[in-house]
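All remarks here apply to the structure that follows.
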Amino acid sequence: MNHCLNIAHRGASGYCPENTMAAFRRAIELGANGIETDVQMTADGQLVLIHDEQLERTAGSPKLVKDVTFDELRGLDAGSWYAPEFAGEKIPSLRELLELVRPTSVMVNIELKNGVVPYPGLEEAVIREVRDFGLSDRIILSSFNHYSLVKCKQLAPEIRTGLLYMEGLYEPWEYAIRCGADALHAVHYAVLPEWVEAAAKQRIAYHPFTVNEEPEMERLLAAGAAGIITDYPDRLGELLLAKKG
């Protein structure tokens with residue numbers, strides 16, 4: 001139970017603007033041993049970390065990520081929407097996050113945001129970046145686009161993959177085996193103890209998302225979740241420390 005991964009959702013996004021270096025650094029300060037983020041591609045092929053396909057909500061532009069260059073995107077303010085003290089935060093590149101975690105033992109869950117915008121070549125580009133940093137053993141690639149994850153596993157069998165889904169899929173561990181996936185990234189209410197146990201017998205891990213309330217964290221820890229994705233890694237860390245003690 002106390003070996004559960006503490007995965008900070010878009011960084012410590014309960015305290016900092018999501019998917020910014022401030023959020024990633026804060027996650028590590030709060031004791032997270034995993035960081036979850038979202039990757040997309042600019043018009044000039046740069047890998048950047050942002051959740052929405054449109055820049056409006058977090059960076060104030062009506063444009064889509066796919067339609068701006070990296071330099072244009074870096075000119076946007078990705079922090080002011082959250083709080084004035086974060087004014088000037090930039091949308092980071094994947095490379096910046098990998099540089100941050102490389103000296104640590106922190107793992108990174110990279111969600112490929114290619115369900116709405118296809119982003120041809122995204123899988124190859126992400127895998128190339130991960131391999132360049134020598135971090136294949138500390139990465140989980142996830143997506144709601146399961147065709148993309150099958151492709152990732154074919155391209156890089158050594159990198160773990162996690163299937164994102166929202167529904168109560170029937171025996172999802174069997175589906176994971178078909179996809180060559182290593183983990184199930186289910187919305188937290190689609191996780192029951194008997195399902196975690198059945199998946200574990202097939203060496204498939206459950207990493208439920210996004211879990212912010214302590215009673216639900218407690219339930220999932222008791223169910224045997226191998227990792228929990230949360231906006232508040234300090235809350236989960238305190239629970240894990242208490243159980244270890």
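Letters A, B, ... go to the chains of the structure tokens in the order shown; residues in each chain start at 1; ligands are counted from 1 in the same order.
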Exercise. Quick one: everything within 10 Å of Leu221 in chain A, counting only C-alpha atoms, minus sequence neighbours fewer than 4 positions away in the same chain. Send it as a PyMOL selection string.
Key: chain A and resi 1-4+193+215-217+225-228+236+239-240+243
File dump, residues just selected, N, CA and C atoms, as a PDB file, in the first residue's frame:
```pdb
ATOM      1  N   MET A   1       0.831  -1.214   0.000  1.00  0.00           N
ATOM      2  CA  MET A   1       0.000   0.000   0.000  1.00  0.00           C
ATOM      3  C   MET A   1       0.858   1.253   0.000  1.00  0.00           C
ATOM      4  N   ASN A   2       1.951   1.234   0.813  1.00  0.00           N
ATOM      5  CA  ASN A   2       2.765   2.441   0.901  1.00  0.00           C
ATOM      6  C   ASN A   2       3.734   2.576  -0.268  1.00  0.00           C
ATOM      7  N   HIS A   3       3.667   1.665  -1.245  1.00  0.00           N
ATOM      8  CA  HIS A   3       4.492   1.780  -2.440  1.00  0.00           C
ATOM      9  C   HIS A   3       3.724   2.428  -3.586  1.00  0.00           C
ATOM     10  N   CYS A   4       2.529   2.888  -3.308  1.00  0.00           N
ATOM     11  CA  CYS A   4       1.700   3.533  -4.329  1.00  0.00           C
ATOM     12  C   CYS A   4       2.405   4.770  -4.886  1.00  0.00           C
ATOM     13  N   PRO A 193     -11.976  -2.867  -5.797  1.00  0.00           N
ATOM     14  CA  PRO A 193     -10.912  -3.749  -5.303  1.00  0.00           C
ATOM     15  C   PRO A 193     -10.777  -5.049  -6.080  1.00  0.00           C
ATOM     16  N   PRO A 215     -10.911  10.784   1.585  1.00  0.00           N
ATOM     17  CA  PRO A 215     -11.634   9.513   1.692  1.00  0.00           C
ATOM     18  C   PRO A 215     -11.523   8.648   0.435  1.00  0.00           C
ATOM     19  N   GLU A 216     -11.531   9.284  -0.739  1.00  0.00           N
ATOM     20  CA  GLU A 216     -11.386   8.518  -1.969  1.00  0.00           C
ATOM     21  C   GLU A 216      -9.955   8.011  -2.130  1.00  0.00           C
ATOM     22  N   MET A 217      -8.985   8.798  -1.705  1.00  0.00           N
ATOM     23  CA  MET A 217      -7.603   8.305  -1.691  1.00  0.00           C
ATOM     24  C   MET A 217      -7.492   7.072  -0.799  1.00  0.00           C
ATOM     25  N   ALA A 225      -4.485   0.207  -5.372  1.00  0.00           N
ATOM     26  CA  ALA A 225      -4.041   0.951  -6.550  1.00  0.00           C
ATOM     27  C   ALA A 225      -2.518   1.099  -6.537  1.00  0.00           C
ATOM     28  N   ALA A 226      -1.914   0.911  -7.698  1.00  0.00           N
ATOM     29  CA  ALA A 226      -0.448   0.995  -7.810  1.00  0.00           C
ATOM     30  C   ALA A 226       0.030   2.436  -7.898  1.00  0.00           C
ATOM     31  N   GLY A 227      -0.877   3.343  -8.210  1.00  0.00           N
ATOM     32  CA  GLY A 227      -0.563   4.760  -8.303  1.00  0.00           C
ATOM     33  C   GLY A 227      -1.849   5.557  -8.288  1.00  0.00           C
ATOM     34  N   ILE A 228      -1.774   6.789  -7.813  1.00  0.00           N
ATOM     35  CA  ILE A 228      -2.931   7.672  -7.789  1.00  0.00           C
ATOM     36  C   ILE A 228      -2.524   9.010  -8.379  1.00  0.00           C
ATOM     37  N   LEU A 236      -1.935  13.153  -0.572  1.00  0.00           N
ATOM     38  CA  LEU A 236      -1.675  11.727  -0.748  1.00  0.00           C
ATOM     39  C   LEU A 236      -0.405  11.328  -0.010  1.00  0.00           C
ATOM     40  N   LEU A 239      -1.038  10.712   3.656  1.00  0.00           N
ATOM     41  CA  LEU A 239      -1.718   9.432   3.885  1.00  0.00           C
ATOM     42  C   LEU A 239      -0.747   8.262   3.766  1.00  0.00           C
ATOM     43  N   LEU A 240       0.089   8.310   2.750  1.00  0.00           N
ATOM     44  CA  LEU A 240       1.063   7.238   2.553  1.00  0.00           C
ATOM     45  C   LEU A 240       2.057   7.176   3.714  1.00  0.00           C
ATOM     46  N   LYS A 243       0.383   5.643   6.780  1.00  0.00           N
ATOM     47  CA  LYS A 243       0.201   4.183   6.675  1.00  0.00           C
ATOM     48  C   LYS A 243       1.541   3.458   6.823  1.00  0.00           C
TER      49      LYS A 243
END
```
Exercise. Determine, counting only C-alpha atoms, which protein, DNA and RNA residues have an atom within 8 Å of an atom of range 153-160 of chain A; residues of the same chain fewer than 6 positions away are not included. Present the result as an MDAnalysis selection string.
Key: chainID A and resid 124 127 136:137 139:141 180:183
Quiz item: Within 9 Å of range 80-88 of chain A, counting only C-alpha atoms, which residues qualify if same-chain residues fewer than 3 places away don't, as number ranges by chain?
Solution: A: 16-18, 22, 57-60, 76-77
Quiz item: Please, which residues of range 27-59 of chain A, numbered as in this document, come out strand (DSSP E) from DSSP, as a count of residues only?
Solution: 11
Practice problem: Can you work out which one of A:Leu192, A:Ser13, A:Val106, A:Glu111 has the shortest atom-to-atom distance to Arg219 in chain A, counting only C-alpha atoms? | Solution: A:Leu192
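Of the residues listed (A:Val187, A:Ile229, A:Leu163, A:Leu220), A:Leu163 shows the shortest atom-to-atom separation from Ile204 in chain A; distances use only C-alpha atoms.
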Practice problem: Tell me, as a VMD selection string, which residues lie within 10 Å of Arg102 in chain A, counting only C-alpha atoms; anything in the same chain fewer than 6 positions away does not count. | Solution: chain A and resid 133 to 135 138
Could you write those residues out with N, CA and C atoms, as a CSV table (one decimal), in the first residue's frame?
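Result saved to result_39.csv:
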```csv
chain,number,residue,atom,x,y,z
A,133,PHE,N,17.0,11.4,-23.7
A,133,PHE,CA,17.3,11.7,-22.3
A,133,PHE,C,17.6,10.5,-21.5
A,134,GLY,N,17.5,9.3,-22.1
A,134,GLY,CA,17.8,8.1,-21.4
A,134,GLY,C,16.8,7.7,-20.3
A,135,LEU,N,15.5,8.1,-20.5
A,135,LEU,CA,14.5,8.0,-19.4
A,135,LEU,C,13.4,7.0,-19.7
A,138,ARG,N,11.5,5.4,-16.9
A,138,ARG,CA,10.8,6.3,-15.9
A,138,ARG,C,9.6,7.0,-16.6
```
